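To be precise, the following lines are my_file_12.cif, and they hold mmCIF, C-alpha atoms.
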```cif
data_start
loop_
_atom_site.label_atom_id
_atom_site.label_comp_id
_atom_site.auth_asym_id
_atom_site.auth_seq_id
_atom_site.Cartn_x
_atom_site.Cartn_y
_atom_site.Cartn_z
CA MET A 1 0.00 0.00 0.00
CA SER A 2 1.42 3.43 -0.97
CA ASN A 3 2.01 6.08 1.67
CA THR A 4 -0.60 8.34 0.05
CA ARG A 5 -3.31 5.65 0.08
CA ARG A 6 -2.51 4.74 3.67
CA SER A 7 -2.66 8.41 4.71
CA LEU A 8 -6.04 8.85 3.02
CA GLN A 9 -7.43 5.82 4.84
CA ILE A 10 -6.12 7.20 8.14
CA SER A 11 -7.69 10.57 7.32
CA THR A 12 -11.08 8.94 6.82
CA TRP A 13 -10.94 7.27 10.25
CA GLU A 14 -9.72 10.54 11.77
CA GLY A 15 -12.70 12.34 10.23
CA ILE A 16 -15.12 9.88 11.81
CA ALA A 17 -13.49 10.35 15.22
CA ALA A 18 -13.54 14.14 14.79
CA GLU A 19 -17.29 14.02 14.13
CA LEU A 20 -17.75 12.13 17.39
CA VAL A 21 -15.74 14.85 19.15
CA GLY A 22 -18.12 17.48 17.81
CA ALA A 23 -21.26 15.43 18.41
CA THR A 24 -20.53 15.20 22.14
CA VAL A 25 -19.71 18.86 22.74
CA THR A 26 -21.29 20.96 19.95
CA GLY A 27 -24.55 20.80 17.97
CA SER A 28 -27.47 19.60 20.07
CA VAL A 29 -25.18 19.26 23.10
CA LEU A 30 -24.20 22.93 22.86
CA THR A 31 -27.91 23.74 22.53
CA ALA A 32 -28.49 21.74 25.72
CA TRP A 33 -25.78 23.78 27.45
CA ALA A 34 -27.43 27.03 26.24
CA LEU A 35 -30.84 25.92 27.54
CA TYR A 36 -29.33 24.68 30.80
CA LEU A 37 -27.68 28.08 31.34
CA ASP A 38 -30.83 29.97 30.23
CA PHE A 39 -29.34 31.89 27.28
CA SER A 40 -31.47 34.71 25.82
CA PRO A 41 -32.08 34.89 22.01
CA LEU A 42 -29.50 37.68 21.68
CA VAL A 43 -26.86 35.64 23.51
CA VAL A 44 -27.76 32.63 21.35
CA GLY A 45 -27.07 34.87 18.35
CA VAL A 46 -23.68 35.78 19.80
CA LEU A 47 -22.98 32.10 20.46
CA GLY A 48 -23.88 31.26 16.87
CA ALA A 49 -21.71 34.12 15.59
CA LEU A 50 -18.53 32.99 17.32
CA PRO A 51 -17.54 30.24 14.84
CA PHE A 52 -17.94 32.74 12.01
CA ALA A 53 -16.19 35.63 13.77
CA ALA A 54 -13.25 33.31 14.37
CA GLN A 55 -12.77 33.10 10.60
CA LEU A 56 -11.14 36.54 10.82
CA ALA A 57 -8.08 34.67 12.11
CA GLN A 58 -7.71 32.82 8.80
CA LEU A 59 -5.02 35.13 7.37
CA PRO A 60 -2.59 34.88 10.33
CA CYS A 61 -3.33 31.16 10.47
CA ALA A 62 -2.47 30.82 6.79
CA TRP A 63 0.75 32.73 7.47
CA VAL A 64 1.72 30.29 10.22
CA THR A 65 0.78 27.34 8.01
CA ARG A 66 3.02 28.63 5.24
CA ILE A 67 5.99 29.12 7.59
CA ARG A 68 5.70 26.09 9.89
CA GLY A 69 4.05 23.63 7.52
CA SER A 70 0.49 22.33 7.34
CA LYS A 71 0.92 19.18 9.43
CA TRP A 72 2.74 20.92 12.29
CA THR A 73 0.18 23.74 12.41
CA ALA A 74 -2.81 21.39 12.26
CA LEU A 75 -1.48 19.20 15.05
CA ALA A 76 -0.60 22.16 17.29
CA ALA A 77 -4.01 23.81 16.90
CA LEU A 78 -6.06 20.63 17.23
CA ARG A 79 -4.05 19.44 20.24
CA ALA A 80 -5.11 22.59 22.08
CA SER A 81 -8.68 22.37 20.76
CA ARG A 82 -9.19 18.78 21.86
CA THR A 83 -8.41 19.67 25.50
CA LEU A 84 -11.08 22.38 25.69
CA PRO A 85 -13.98 20.07 26.72
CA LEU A 86 -12.18 19.70 30.05
CA LEU A 87 -13.09 23.36 30.65
CA LEU A 88 -16.80 22.52 30.49
CA ALA A 89 -16.81 19.28 32.45
CA PRO A 90 -16.83 20.82 35.99
CA LEU A 91 -19.05 23.80 35.04
CA PRO A 92 -22.38 22.47 36.42
CA PHE A 93 -20.84 21.79 39.83
CA VAL A 94 -18.74 24.88 40.54
CA SER A 95 -20.15 27.65 42.72
CA LEU A 96 -20.37 30.50 40.22
CA PRO A 97 -23.15 32.98 39.36
CA LEU A 98 -25.21 32.11 36.30
CA ALA A 99 -23.71 35.01 34.35
CA ALA A 100 -20.21 33.71 35.05
CA LYS A 101 -21.14 30.23 33.82
CA GLN A 102 -22.62 31.73 30.68
CA THR A 103 -19.36 33.59 30.14
CA VAL A 104 -17.38 30.36 30.53
CA LEU A 105 -19.50 28.69 27.86
CA LEU A 106 -19.01 31.66 25.52
CA VAL A 107 -15.24 31.58 26.15
CA PHE A 108 -15.22 27.85 25.41
CA ALA A 109 -17.12 28.40 22.15
CA ALA A 110 -14.79 31.25 21.14
CA LEU A 111 -11.61 29.26 21.80
CA TRP A 112 -13.07 26.17 20.14
CA ALA A 113 -13.85 28.25 17.06
CA LEU A 114 -10.46 30.00 16.93
CA LEU A 115 -8.46 26.80 17.30
CA GLY A 116 -10.76 25.08 14.83
CA VAL A 117 -10.01 27.80 12.27
CA ALA A 118 -6.27 27.36 12.71
CA GLY A 119 -6.52 23.60 12.50
CA ASN A 120 -8.93 23.57 9.56
CA ASN A 121 -6.89 26.02 7.49
CA ALA A 122 -3.76 23.92 7.93
CA TRP A 123 -5.65 20.63 7.47
CA THR A 124 -7.28 21.81 4.23
CA THR A 125 -3.91 22.87 2.81
CA TRP A 126 -2.43 19.57 3.96
CA MET A 127 -5.17 17.51 2.29
CA ALA A 128 -5.18 19.60 -0.90
CA GLU A 129 -1.51 18.69 -1.34
CA LEU A 130 -2.04 15.05 -0.39
CA VAL A 131 -5.13 14.13 -2.46
CA PRO A 132 -4.56 13.89 -6.24
CA ALA A 133 -6.74 16.39 -8.11
CA SER A 134 -8.10 13.67 -10.41
CA VAL A 135 -9.83 11.86 -7.53
CA ARG A 136 -10.43 14.78 -5.15
CA GLY A 137 -14.21 14.88 -5.57
CA ARG A 138 -14.62 11.11 -5.20
CA TYR A 139 -12.33 10.86 -2.18
CA PHE A 140 -13.89 13.73 -0.27
CA GLY A 141 -17.36 12.53 -1.24
CA LEU A 142 -16.64 9.11 0.26
CA ARG A 143 -14.92 10.62 3.30
CA THR A 144 -17.88 12.95 3.84
CA ALA A 145 -20.22 9.96 3.79
CA PHE A 146 -18.25 8.13 6.47
CA CYS A 147 -17.95 11.30 8.55
CA ALA A 148 -21.69 11.90 8.25
CA ALA A 149 -22.25 8.37 9.56
CA GLY A 150 -20.10 9.18 12.58
CA SER A 151 -21.95 12.46 13.07
CA ALA A 152 -25.34 10.73 12.86
CA LEU A 153 -24.36 8.01 15.33
CA GLY A 154 -22.80 10.46 17.76
CA GLY A 155 -25.56 13.06 17.51
CA LEU A 156 -28.40 10.56 17.92
CA SER A 157 -26.69 8.88 20.87
CA ALA A 158 -26.06 12.24 22.56
CA GLY A 159 -29.70 13.28 21.99
CA LEU A 160 -31.08 10.06 23.48
CA VAL A 161 -28.76 10.35 26.47
CA LEU A 162 -29.74 13.99 27.06
CA ASP A 163 -33.49 13.24 26.88
CA ALA A 164 -33.11 10.36 29.32
CA ALA A 165 -31.04 12.54 31.64
CA ARG A 166 -33.58 15.37 31.56
CA ALA A 167 -36.39 12.96 32.45
CA ARG A 168 -34.40 11.79 35.47
CA GLY A 169 -33.13 15.23 36.49
CA LYS A 170 -29.51 14.31 35.62
CA THR A 171 -28.82 16.94 32.96
CA ALA A 172 -25.85 18.46 34.77
CA LEU A 173 -24.12 15.13 35.28
CA THR A 174 -24.76 14.10 31.67
CA LEU A 175 -23.36 17.32 30.23
CA CYS A 176 -20.23 16.77 32.32
CA ALA A 177 -19.91 13.16 31.08
CA LEU A 178 -20.35 14.16 27.44
CA SER A 179 -17.54 16.71 27.79
CA LEU A 180 -15.21 13.99 29.07
CA VAL A 181 -16.23 11.65 26.23
CA SER A 182 -15.47 14.41 23.72
CA TRP A 183 -12.01 14.85 25.23
CA MET A 184 -11.31 11.11 24.92
CA PHE A 185 -12.36 11.00 21.27
CA GLY A 186 -10.10 14.02 20.75
CA LEU A 187 -7.10 11.99 21.91
CA VAL A 188 -7.93 9.40 19.24
CA THR A 189 -8.01 12.04 16.49
CA LEU A 190 -4.61 13.39 17.50
CA GLU A 191 -3.02 9.95 17.36
CA LEU A 192 -4.46 9.35 13.88
CA LEU A 193 -3.28 12.74 12.62
CA LYS A 194 0.25 12.00 13.77
CA ARG A 195 0.29 8.86 11.60
CA GLN A 196 -0.86 10.69 8.47
CA GLY A 197 1.84 11.59 5.93
CA GLU A 198 2.61 14.77 4.00
CA ALA A 199 2.95 15.20 0.26
CA ARG A 200 5.24 18.22 0.04
CA ALA A 201 8.91 17.44 -0.60
CA LYS A 202 10.36 20.92 -0.13
CA PRO A 203 9.26 23.97 1.88
CA LEU A 204 7.68 26.95 0.15
CA PRO A 205 9.41 30.37 0.31
CA ARG A 206 8.59 32.69 3.20
CA PRO A 207 5.27 34.44 2.52
CA ARG A 208 4.89 38.13 1.84
CA LEU A 209 1.86 40.41 2.01
CA ARG A 210 1.88 40.75 -1.76
CA ASP A 211 1.20 37.02 -2.00
CA PHE A 212 -2.20 37.61 -0.42
CA SER A 213 -3.16 40.45 -2.78
CA ARG A 214 -1.87 38.51 -5.79
CA ALA A 215 -4.12 35.59 -4.89
CA PHE A 216 -7.18 37.82 -5.41
CA SER A 217 -6.03 39.58 -8.58
CA ASP A 218 -7.79 36.86 -10.58
CA ARG A 219 -11.35 37.85 -11.54
CA ARG A 220 -12.51 34.23 -11.16
CA VAL A 221 -11.39 34.21 -7.53
CA ARG A 222 -13.09 37.55 -6.81
CA ARG A 223 -16.42 36.39 -8.24
CA ALA A 224 -16.32 33.18 -6.28
CA LEU A 225 -15.43 35.19 -3.17
CA ALA A 226 -18.45 37.49 -3.68
CA PHE A 227 -20.77 34.49 -3.83
CA CYS A 228 -19.23 32.80 -0.78
CA THR A 229 -19.54 36.00 1.26
CA ALA A 230 -23.17 36.56 0.28
CA TRP A 231 -24.09 32.93 0.92
CA ALA A 232 -22.41 33.01 4.32
CA ALA A 233 -24.35 36.13 5.30
CA ALA A 234 -27.64 34.57 4.15
CA THR A 235 -27.13 31.33 6.07
CA GLY A 236 -25.56 33.11 9.05
CA LEU A 237 -28.69 35.17 9.60
CA ALA A 238 -30.40 31.99 10.85
CA THR A 239 -27.67 29.81 12.30
CA PRO A 240 -28.30 26.13 13.20
CA ALA A 241 -28.56 27.19 16.84
CA PHE A 242 -31.79 29.09 16.04
CA TYR A 243 -33.29 26.05 14.32
CA ASP A 244 -32.36 23.86 17.30
CA ILE A 245 -33.85 26.34 19.77
CA HIS A 246 -37.04 26.54 17.69
CA MET A 247 -37.37 22.74 17.65
CA ALA A 248 -36.67 22.35 21.36
CA ARG A 249 -38.71 25.27 22.71
CA THR A 250 -41.49 25.92 20.18
CA LEU A 251 -42.03 22.53 18.56
CA HIS A 252 -41.31 20.61 21.80
CA THR A 253 -39.40 17.90 19.94
CA GLY A 254 -37.01 17.02 22.77
CA PHE A 255 -33.32 16.37 22.20
CA ALA A 256 -33.87 12.85 20.85
CA ARG A 257 -36.10 14.00 17.99
CA LEU A 258 -33.81 16.97 17.39
CA ALA A 259 -30.95 14.48 17.07
CA MET A 260 -33.11 12.31 14.80
CA TYR A 261 -33.61 15.29 12.48
CA ASP A 262 -29.84 15.89 12.41
CA SER A 263 -29.24 12.17 11.91
CA ALA A 264 -31.67 12.04 8.98
CA ILE A 265 -29.72 14.84 7.33
CA ALA A 266 -26.52 12.93 8.02
CA VAL A 267 -27.93 9.72 6.49
CA LEU A 268 -28.86 11.58 3.31
CA ARG A 269 -25.40 13.09 3.21
CA ILE A 270 -23.96 9.59 3.56
CA ALA A 271 -26.04 8.39 0.62
CA THR A 272 -25.49 11.36 -1.68
CA ALA A 273 -21.99 12.69 -0.90
CA PRO A 274 -20.16 10.05 -3.01
CA LEU A 275 -22.53 10.78 -5.90
CA TRP A 276 -21.93 14.53 -5.63
CA GLY A 277 -18.19 13.88 -5.45
CA LYS A 278 -18.28 11.93 -8.72
CA ALA A 279 -20.43 14.65 -10.28
CA ILE A 280 -17.91 17.33 -9.32
CA ASP A 281 -15.10 15.31 -10.89
CA ARG A 282 -17.12 15.08 -14.14
CA VAL A 283 -18.93 18.42 -14.49
CA GLY A 284 -17.09 20.75 -12.08
CA SER A 285 -18.07 22.55 -8.88
CA LYS A 286 -20.17 25.37 -10.36
CA PRO A 287 -23.20 23.40 -11.63
CA VAL A 288 -23.38 21.42 -8.40
CA LEU A 289 -23.17 24.65 -6.41
CA LEU A 290 -25.95 26.27 -8.44
CA ALA A 291 -28.33 23.32 -8.17
CA CYS A 292 -27.83 22.90 -4.43
CA CYS A 293 -27.92 26.57 -3.44
CA PHE A 294 -31.11 27.37 -5.33
CA GLY A 295 -32.71 24.26 -3.83
CA LEU A 296 -31.64 25.12 -0.28
CA SER A 297 -33.22 28.58 -0.64
CA LEU A 298 -36.66 26.91 -0.49
CA SER A 299 -36.06 25.06 2.79
CA PRO A 300 -37.47 27.79 5.13
CA LEU A 301 -40.93 27.40 3.58
CA LEU A 302 -41.23 24.00 5.24
CA TRP A 303 -40.35 25.51 8.62
CA LEU A 304 -43.17 28.02 8.17
CA VAL A 305 -45.88 25.32 8.13
CA ALA A 306 -44.41 22.97 10.75
CA HIS A 307 -45.84 23.10 14.29
CA ASP A 308 -45.75 20.90 17.38
CA ASN A 309 -48.67 18.73 16.19
CA MET A 310 -47.43 18.51 12.59
CA LEU A 311 -43.75 17.68 12.28
CA TRP A 312 -43.80 15.89 8.91
CA PRO A 313 -42.60 19.01 7.03
CA LEU A 314 -39.36 18.71 8.99
CA ALA A 315 -38.99 15.12 7.79
CA ILE A 316 -39.25 16.38 4.21
CA ASP A 317 -36.80 19.16 5.02
CA ALA A 318 -34.30 16.67 6.45
CA VAL A 319 -34.36 14.63 3.23
CA PHE A 320 -34.28 17.75 1.07
CA CYS A 321 -31.47 19.48 2.96
CA GLY A 322 -29.46 16.33 3.59
CA ALA A 323 -29.10 15.64 -0.11
CA LEU A 324 -28.44 19.25 -1.11
CA LEU A 325 -26.11 20.13 1.77
CA ALA A 326 -23.83 17.26 0.79
CA GLY A 327 -23.40 18.70 -2.69
CA GLN A 328 -23.21 22.32 -1.55
CA SER A 329 -20.51 21.67 1.04
CA LEU A 330 -18.41 19.54 -1.33
CA ALA A 331 -18.68 22.09 -4.15
CA SER A 332 -17.88 24.99 -1.78
CA PHE A 333 -14.83 23.06 -0.57
CA SER A 334 -13.65 22.12 -4.06
CA LEU A 335 -14.18 25.48 -5.78
CA PRO A 336 -11.39 27.47 -4.03
CA LEU A 337 -9.03 24.54 -4.57
CA ALA A 338 -9.82 24.53 -8.29
CA LEU A 339 -9.26 28.30 -8.59
CA SER A 340 -5.94 28.52 -6.71
CA SER A 341 -2.40 27.35 -7.34
CA VAL A 342 -0.56 24.94 -5.07
CA GLU A 343 2.07 27.55 -4.13
CA GLY A 344 -0.38 30.20 -2.98
CA ARG A 345 -3.30 28.03 -1.93
CA ALA A 346 -3.27 28.89 1.80
CA PHE A 347 -3.98 32.57 1.13
CA PRO A 348 -7.09 32.18 -1.07
CA LEU A 349 -8.44 29.61 1.37
CA ALA A 350 -7.83 32.06 4.21
CA GLY A 351 -9.43 34.90 2.27
CA PHE A 352 -12.57 32.90 1.45
CA ALA A 353 -12.98 31.75 5.04
CA THR A 354 -12.25 35.22 6.48
CA ALA A 355 -14.81 37.00 4.29
CA ALA A 356 -17.43 34.30 4.86
CA GLY A 357 -16.77 34.24 8.58
CA ALA A 358 -17.07 37.99 8.98
CA ALA A 359 -20.32 38.06 6.99
CA SER A 360 -21.78 35.16 8.97
CA ALA A 361 -20.79 36.64 12.32
CA VAL A 362 -22.42 39.99 11.61
CA ALA A 363 -25.51 38.28 10.18
CA SER A 364 -25.82 35.93 13.18
CA ILE A 365 -25.74 38.77 15.69
CA ALA A 366 -28.21 40.69 13.53
CA GLY A 367 -30.43 37.59 13.51
CA GLY A 368 -30.44 37.47 17.29
CA ALA A 369 -31.39 41.14 17.45
CA LEU A 370 -34.14 40.67 14.84
CA VAL A 371 -35.71 37.78 16.77
CA SER A 372 -35.92 39.99 19.84
CA ALA A 373 -37.44 42.83 17.77
CA PHE A 374 -40.00 40.74 15.87
CA PRO A 375 -43.56 40.67 17.27
CA GLY A 376 -44.66 37.46 18.94
CA ARG A 377 -46.84 36.35 16.01
CA VAL A 378 -47.09 37.49 12.37
CA VAL A 379 -49.46 36.11 9.73
CA VAL A 380 -47.57 35.15 6.54
CA PHE A 381 -49.44 33.56 3.61
CA GLY A 382 -52.31 32.84 5.98
CA VAL A 383 -50.04 31.05 8.46
CA ALA A 384 -49.20 32.41 11.93
CA ALA A 385 -45.40 32.66 12.19
CA SER A 386 -43.17 33.26 15.19
CA GLY A 387 -40.17 35.58 15.23
CA LEU A 388 -37.81 32.67 14.54
CA GLN A 389 -39.89 31.51 11.58
CA MET A 390 -39.78 35.04 10.16
CA LEU A 391 -36.01 34.92 10.53
CA PHE A 392 -35.90 31.61 8.62
CA LEU A 393 -37.92 33.17 5.77
CA ALA A 394 -35.62 36.19 5.62
CA SER A 395 -32.65 33.84 5.46
CA GLY A 396 -34.27 31.93 2.58
CA ALA A 397 -34.84 35.13 0.59
CA LEU A 398 -31.21 36.16 1.07
CA ARG A 399 -30.04 32.67 0.06
CA LEU A 400 -31.92 33.05 -3.21
CA CYS A 401 -30.16 36.35 -3.91
CA ALA A 402 -26.78 34.85 -3.02
CA ALA A 403 -27.37 31.82 -5.24
CA ALA A 404 -27.92 34.19 -8.17
CA LEU A 405 -24.34 35.43 -7.69
CA ALA A 406 -23.09 31.89 -8.30
CA LEU A 407 -24.21 32.32 -11.93
CA ARG A 408 -21.25 34.70 -12.40
CA ILE A 409 -18.64 32.18 -11.19
CA GLU A 410 -16.07 31.22 -13.85
CA GLU A 411 -14.59 27.75 -13.47
CA SER A 412 -12.35 26.36 -16.16
CA GLY A 413 -13.81 23.24 -17.76
CA ALA A 414 -17.05 23.37 -15.74
CA ARG A 415 -20.21 22.13 -17.43
CA THR A 416 -23.78 23.41 -17.07
CA VAL A 417 -26.60 22.55 -14.69
CA ARG A 418 -28.37 20.96 -17.65
CA THR A 419 -25.43 18.61 -18.11
CA LEU A 420 -25.60 17.79 -14.40
CA GLY A 421 -29.31 17.08 -14.78
CA ARG A 422 -28.69 14.72 -17.70
CA LEU A 423 -26.02 12.96 -15.67
CA ALA A 424 -28.46 12.55 -12.76
CA PHE A 425 -31.24 11.36 -15.07
CA ARG A 426 -29.05 8.66 -16.58
CA ALA A 427 -27.97 7.57 -13.09
CA VAL A 428 -31.56 6.85 -12.03
CA ARG A 429 -32.77 5.28 -15.27
CA PRO A 430 -33.47 1.58 -14.69
CA LEU A 431 -32.15 0.63 -18.12
CA ARG A 432 -29.70 2.19 -20.50
CA THR A 433 -27.63 0.94 -23.39
CA PRO A 434 -23.82 1.07 -23.30
CA ALA A 435 -23.86 2.91 -26.61
CA ALA A 436 -26.11 5.67 -25.30
CA ALA A 437 -23.99 6.05 -22.19
CA CYS A 438 -20.89 6.45 -24.34
CA VAL A 439 -22.47 9.05 -26.62
CA ASN A 440 -23.95 11.18 -23.80
CA ASP A 441 -21.01 10.99 -21.37
CA PRO A 442 -20.06 14.62 -20.56
CA GLY A 443 -16.53 13.62 -19.72
CA PRO A 444 -14.34 14.99 -16.92
CA ALA A 445 -14.59 18.55 -15.69
CA THR A 446 -11.18 19.36 -17.12
CA SER A 447 -12.23 18.73 -20.73
CA ALA A 448 -13.11 21.54 -23.09
CA ALA A 449 -16.44 23.24 -22.36
#
```
Kindly present the structure from the file in structure tokens form.
Amino acid sequence: MSNTRRSLQISTWEGIAAELVGATVTGSVLTAWALYLDFSPLVVGVLGALPFAAQLAQLPCAWVTRIRGSKWTALAALRASRTLPLLLAPLPFVSLPLAAKQTVLLVFAALWALLGVAGNNAWTTWMAELVPASVRGRYFGLRTAFCAAGSALGGLSAGLVLDAARARGKTALTLCALSLVSWMFGLVTLELLKRQGEARAKPLPRPRLRDFSRAFSDRRVRRALAFCTAWAAATGLATPAFYDIHMARTLHTGFARLAMYDSAIAVLRIATAPLWGKAIDRVGSKPVLLACCFGLSLSPLLWLVAHDNMLWPLAIDAVFCGALLAGQSLASFSLPLALSSVEGRAFPLAGFATAAGAASAVASIAGGALVSAFPGRVVVFGVAASGLQMLFLASGALRLCAAALALRIEESGARTVRTLGRLAFRAVRPLRTPAAACVNDPGPATSAA
């Protein structure tokens, strides 16, 4: 087995373990912490903004990655990040005012986000060098599927445990235990990362500020950056934390059903991510991005009609979003890689993440303020909507505008959405002749348009 193939297998297992780290300390567990510490909507908005605000650290992180190397930087950042759950473990039992405990949770979330930015920037550069471009979509599609399986298993297990603990009045003890479990899974990820190889044979020259500006002199990069920023602002307006709070407080789903919703999305990502990865290899990132982003803009309509006695629209939304989020995330990951050179890749990646993070952070805080300002009930299309549902609709409208910007993206060799549709149609046809498949094959994304 070659070193590259072995490293890619290790990376897949590391991704699964990393999802279990997150499932036991973020997502529905972080929502449980926020409810346990009685966070207000505005503070929930701040909590949701922290991961995006941390993206402002992308440029200095890219600088460190360029100087010290991607593997060293990723290991250093993630080693610190994986110890952070130990900060939360004793929180329910220490004698501190509620405001102080809320501050500790916010500090944890901020540090988790900052260290995650540093680790992710270095890890992305590391993997971009390690994975051959010809199989990048397929590999990351398959890896995403396995990681989604880990996320689904971890999230559902955490939700069931939290619901059982709440019924028995053991929420504090359970939150403490989940933090310790997250820390232990973190140790596993660090060991796997150490065993993963590097592809670069020689170090790159010391970076200069002009390298950053040169990375964005390309019109293709600027157009892609404009879309990513607008999309981040649209989705950041209604962060996942708001959806979780709405499900737990307004729809009374409990943490188990909240985790089931997240798990359903993860299952659809498992099923569709490899297919999206193959599609990206054949038609490019742009058509996949367009199809998924326009589709995701319609999701908030289902949240408008769902209520505590009628949850089936959320089941449709889970299927809908699970399939489209897999393609959108893979295409968003692949697009900057396709538009940047190996030598200067860390800086475009940092620029994309910085702009998106800043837009999402501002939008998330604005979303928290809007929820507090919205009236208790508003009638929309004959349906009574809460402040959070109004926020979801506003986010959907902004997503639609952002998706329109993706039409301006220029990707060399990319095909059209129509070609993607034909590819999908042939994939689901029960019968097809070899001759027809040969004639209609659009070929790889790198062929002439």
Item to complete: Name the residues captured by the PyMOL selection byres ((chain A and resi 241) around 8) when it is applied to the shown file; answer as a ChimeraX atom specification.
Response: /A:27,31,44-45,48,238-240,242-245
Item to complete: For A:Gly116, work out the shell of residues within 9 Å, counting only C-alpha atoms and skipping chain neighbours fewer than 2 positions away, then give it as a ChimeraX atom specification.
Response: /A:51,54,77-78,81,111-114,118-121
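When all atoms listed in the file are used to measure the gap to A:Thr354, the shortest distance among A:Thr229, A:Ser297, A:Ser329, A:Ser157 belongs to A:Thr229.
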Worksheet item: Is there a way to get, as a VMD selection string, all residues within 12 Å of the point (-29.5, 17.4, 1.8) in file coordinates, counting all atoms listed in the file?
Response: chain A and resid 148 261 to 273 276 291 to 293 295 to 296 299 315 to 330
Practice prompt. Taking the file as shown, find all residues satisfying the PyMOL selection byres ((chain A and resi 91) around 10) and write them as a PyMOL selection string.
Written response: chain A and resi 86-90+92-96+100-102+104-105+172+175-176
Discussion item. Excluding A:Ala226 and its own-chain neighbours fewer than 5 positions away, which residues fall within 9 Å of it when counting all atoms listed in the file? Please give them as a PyMOL selection string.
Written reply: chain A and resi 221+231+355+402+405-406
